[in-house]
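Trainee: I am attaching a structure below and will ask some questions about it afterwards.
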Amino acid sequence: MPVKKTDKEKSEKDLLIPVVNVKKSNSLIQSIGKTTLLANKVFLTALLKVEKRNGCPTKLKPYYDKLKSVSKVDFSKGLVAEFSNSDMRKFLPSKSGSFYKNIDELMDVNSPHSLKKQWGILIQNDEDGLYGFVDVITAMIYDRQNSKLFIKFSDEEQIQKEIYGLRKNYTILNYSLMMKFKSIYSYRIYEMILGRIGYEDGRTKVKRDKYYFTYGLSQLKYQLGVLDPYINADVRKALTEARTEEDFERIEKSLSDEHTMMRFSDFETYTLARAMKEINGLQDPDYIFDYEPTRSGRGGRITEVNFIITRVEKNTKTETEKFKLSEEEKDEILDRISDLIDEPLKLKDIRAIAETADYDFDKVKAAYEIAEGSSADIENLVGFLKSAIKNGYEKPVSKKAKKSTFVDIDADEIDYDEIAKRKIDRQFNAV
C-alpha cells in the first residue's frame with residue numbers, strides 16, 4: 001500500500017503551477033498601498049479563478065445554501081473565486097509556519113495580513129465632498145472540512161469592471177512566474193514596470209528594445225509599500241491629491257511619522273538591489289532590469305530612481321515548441337477544464353477539447369462561456385466547443401438553457417480617463 005505523502009514531502013512536481021496568463025487592471029497595478037507578498041499572490045489567484053455566477057447546479061444547492069445560512073453571503077452569485085487546498089499550496093509560503101496558520105492570518109480582519117483589509121478602493125471626490133473606502137473583496141470563507149476557500153468581490157459595477165471582463169487598460173501577467181517571487185518588492189516592481197511597458201507599447205504601437213521609466217523616490221516608497229499610506233488621516237488625504245515628487249516628499253517628511261529607510265543606501269540595499277537580483281535571476285527572462293538614482297538640489301541628494309528595461313531577444317520557436325507541455329501540466333489543465341464544465345463529460349471528451357485548444361485553458365473557457373450565454377439548444381456540447389475553438393466563435397450560438405449555471409455578462413469598456421481621476425489604493429489600516 002503506497003504511503004501518503006505529507007505536505008512537506010510534496011515535491012515541486014506535485015505542486016506544479018499551470019502555465020497560464022492573468023489579466024490585471026492597470027489601475028490596481030499602479031495603485032498605492034501596503035500589502036504583503038502573500039496577499040498579492042492570493043489576489044492574483046482570485047483573478048485567475050474568478051467567475052461571474054448566476055446560481056449553481058441543483059446538486060450543489062444544499063451546499064451553497066448552507067454556506068449562505070452561516071455566512072449570510074450567497075457565494076453562488078456574483079463575482080466569486082473558489083480555491084482548493086492544492087491551489088492554495090501554490091502561493092502559501094512553505095517555510096513560514098503551518099498551512100492553517102497562514103490561512104488564519106488571511107482570514108483574520110484584525111491581522112495586518114488580512115486579505116480583505118489590504119484590498120480596497122479609496123474614494124476622493126472633492127466636488128461632491130465624498131471621502132472614504134470601498135471594499136474590493138466583500139467576503140471570504142474557508143471551509144476546512146471540504147478544503148475550499150471562497151472569495152467574493154464587490155457587487156458594485158465600477159469595481160467589477162476592474163476585476164472581470166477586462167477589455168482594455170490591463171496588463172497580462174504570467175501566473176507561474178508571479179508565484180515564484182520571494183520578495184514583495186520584486187513582485188511589485190515587476191508588475192508596475194510591466195504595466196508601464198504595456199501602456200507604452202499600446203500608445204506608440206511599437207515594441208522597443210529599451211524603456212526608461214522614472215519614479216520619484218518618495219512616490220516609489222509609497223507604491224512599493226515601504227511607507228504606509230494609511231498611517232494617519234492626513235497622509236491618506238494628501239496622497240489622493242499628490243501629483244509631483246515634491247508632493248510625495250512633503251508627505252513623507254512632514255505628514256508621516258514613519259522613519260523607514262530614510263537613507264537611500266538602506267532603501268537601495270533592502271529594496272532595489274534585492275529586487276533587481278531576483279527579477280534578473282528569472283529563468284528565460286523577457287526583460288533585463290537596471291536602475292540609476294538621480295541626484296538634484298544642494299548636496300546632490302537623491303530624489304528619483306530611473307529604471308532601464310532592456311527587452312531580451314528570443315530565438316524564434318516553432319508553434320509546436322512554443323506550446324509543448326509536460327504530461328503533468330496537461331493533467332493539470334484537464335482538471336481545470338473538468339472543473340469549468342458543469343455537464344458530465346468523459347475524460348476522452350475533455351482531452352479532445354483540450355487538444356483542439358492546444359491545451360490553452362483560456363480558449364476552452366472562452367468557448368464554454370459562449371455556449372453558456374446562448375439561448376438555443378446544443379445537442380453536442382463537445383462538438384460545439386471544438387468547433388468554437390477552431391473557428392474562433394465570438395457570438396453565442398446555442399446551449400440548453402436548463403443546463404446554464406454561470407452566465408458570463410460582457411462588461412462595459414472601462415472609462416480609463418474617469419478612473420484616472422480617482423486614486424485606487426489598497427486598504428491597510430483605516431483610521
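Simple scheme: letters A, B, ... for chains in C-alpha cells order, numbers from 1 for residues in each chain, numbers from 1 for ligands in the order shown.
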Residues at most 10 Å from Asp284 of chain A, counting only C-alpha atoms, excluding those fewer than 3 positions away in the same chain, as an mmCIF file with N, CA, C and O atoms, in the first residue's frame?
Mentor:
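This went into result27.cif:
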```
data_model
loop_
_atom_site.group_PDB
_atom_site.id
_atom_site.type_symbol
_atom_site.label_atom_id
_atom_site.label_comp_id
_atom_site.auth_asym_id
_atom_site.auth_seq_id
_atom_site.Cartn_x
_atom_site.Cartn_y
_atom_site.Cartn_z
ATOM 1 N N ASN A 280 16.181 39.717 -12.270
ATOM 2 C CA ASN A 280 17.141 39.349 -13.322
ATOM 3 C C ASN A 280 17.617 37.906 -13.213
ATOM 4 O O ASN A 280 18.290 37.403 -14.118
ATOM 5 N N GLY A 281 17.284 37.259 -12.107
ATOM 6 C CA GLY A 281 17.638 35.856 -11.948
ATOM 7 C C GLY A 281 16.569 34.901 -12.452
ATOM 8 O O GLY A 281 16.723 33.683 -12.349
ATOM 9 N N TYR A 287 12.798 40.448 -19.977
ATOM 10 C CA TYR A 287 13.435 41.761 -19.846
ATOM 11 C C TYR A 287 14.572 41.682 -18.825
ATOM 12 O O TYR A 287 14.540 40.862 -17.908
ATOM 13 N N VAL A 312 14.738 41.298 -23.972
ATOM 14 C CA VAL A 312 15.618 40.184 -24.319
ATOM 15 C C VAL A 312 15.168 39.590 -25.641
ATOM 16 O O VAL A 312 14.000 39.246 -25.818
ATOM 17 N N LYS A 314 14.534 36.869 -28.241
ATOM 18 C CA LYS A 314 14.233 35.443 -28.112
ATOM 19 C C LYS A 314 14.503 34.730 -29.428
ATOM 20 O O LYS A 314 14.283 35.282 -30.513
#
```
Trainee: Taking the backbone alone, and naming residues the way the document does, which bits of segment 180-211 of chain A are alpha helix (DSSP H) by DSSP, as a ChimeraX atom specification?
Mentor: /A:180,184-204
Trainee: Distance table requested - segment 269-346 of chain A against segment 361-384 of chain A, cut-off 9 Å, only C-alpha atoms: one row per qualifying residue with the closest atom pair and its distance in Å to one decimal, ordered by chain and rising residue number, as a tab-separated table.
Mentor:
```
residue	atom	partner	partner_atom	distance
A:Ile333	CA	A:Phe361	CA	6.6
A:Leu334	CA	A:Phe361	CA	8.7
A:Arg336	CA	A:Phe361	CA	7.7
A:Ile337	CA	A:Phe361	CA	7.1
A:Leu340	CA	A:Lys365	CA	7.4
A:Ile341	CA	A:Tyr368	CA	7.5
A:Glu343	CA	A:Leu381	CA	8.8
A:Leu345	CA	A:Val382	CA	8.4
```
Trainee: What does the distance from atom CA of Lys90 of chain A to atom CA of Met179 of chain A come to in Å, to one decimal?
Mentor: 7.3 Å
Trainee: Atom CA of Met178 of chain A to atom CA of Glu252 of chain A: how many Å, to one decimal?
Mentor: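 These two atoms are separated by 29.6 Å.
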Trainee: At what distance in Å, to one decimal, does atom CA of Asp286 of chain A lie from atom CA of Gly165 of chain A?
Mentor: 26.1 Å
Trainee: Can you list, as a VMD selection string, every protein, DNA or RNA residue that comes within 8 Å of segment 292-302 of chain A when you count only C-alpha atoms, leaving out same-chain residues fewer than 5 positions away?
Mentor: chain A and resid 217 264 307 to 308
Trainee: Let me make sure I understand: among A:Asp74, A:Glu162, A:Glu191, A:Glu355, which one has the smallest atom-to-atom distance to Ala139 of chain A if we use only C-alpha atoms?
Mentor: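 Once distances to Ala139 of chain A are computed over only C-alpha atoms, the minimum belongs to A:Asp74.
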Trainee: I want to know what sits within 12 Å of Met261 of chain A, based on only C-alpha atoms, with residues of the same chain fewer than 2 positions away left out; could you give that as a ChimeraX atom specification?
Mentor: /A:217-218,221-222,225-227,252,258-259,263-272
Trainee: Tell me, as a short mmCIF file (atom, residue, chain, number, x, y, z; two decimals) with N, CA and C atoms, in the first residue's frame, which residues lie within 12 Å of Lys66 of chain A, counting only C-alpha atoms; anything in the same chain fewer than 6 positions away does not count.
Mentor:
```cif
data_model
loop_
_atom_site.label_atom_id
_atom_site.label_comp_id
_atom_site.auth_asym_id
_atom_site.auth_seq_id
_atom_site.Cartn_x
_atom_site.Cartn_y
_atom_site.Cartn_z
N LEU A 60 -25.51 21.08 -6.15
CA LEU A 60 -24.68 21.84 -5.22
C LEU A 60 -25.47 22.84 -4.39
N LYS A 72 -24.17 34.40 5.75
CA LYS A 72 -25.09 35.44 5.29
C LYS A 72 -24.67 36.00 3.94
N VAL A 73 -23.86 35.24 3.21
CA VAL A 73 -23.39 35.67 1.88
C VAL A 73 -23.69 34.56 0.89
N ASP A 74 -24.20 34.94 -0.29
CA ASP A 74 -24.51 33.96 -1.34
C ASP A 74 -23.32 33.84 -2.28
N PHE A 75 -22.55 32.74 -2.15
CA PHE A 75 -21.38 32.53 -2.98
C PHE A 75 -21.71 31.85 -4.30
N SER A 76 -22.99 31.66 -4.58
CA SER A 76 -23.39 31.10 -5.87
C SER A 76 -23.74 32.19 -6.87
N ASP A 143 -13.69 26.82 4.13
CA ASP A 143 -14.37 25.60 4.56
C ASP A 143 -13.31 24.54 4.79
#
```
Trainee: Between A:Thr240, A:Gln223, A:Thr214, A:Ser183, which is the closest to Lys277 of chain A once you count only C-alpha atoms?
Mentor: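 With only C-alpha atoms as the atom set, the closest residue is A:Ser183.
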Trainee: Would you return as a list in words the members of segment 194-318 of chain A that DSSP assigns to strand (DSSP E or B) on this structure's backbone?
Mentor: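 Put together, the selection reads Lys210, Tyr211, Tyr212, Phe213, Thr214, Tyr215, Gly216, Tyr287, Ile288, Phe289, Asp290, Tyr291, Glu292, Pro293, Thr294, Arg295, Ser296, Arg301, Ile302, Thr303, Glu304, Val305, Asn306, Phe307, Ile308, Ile309, Thr310 and Arg311 of chain A.
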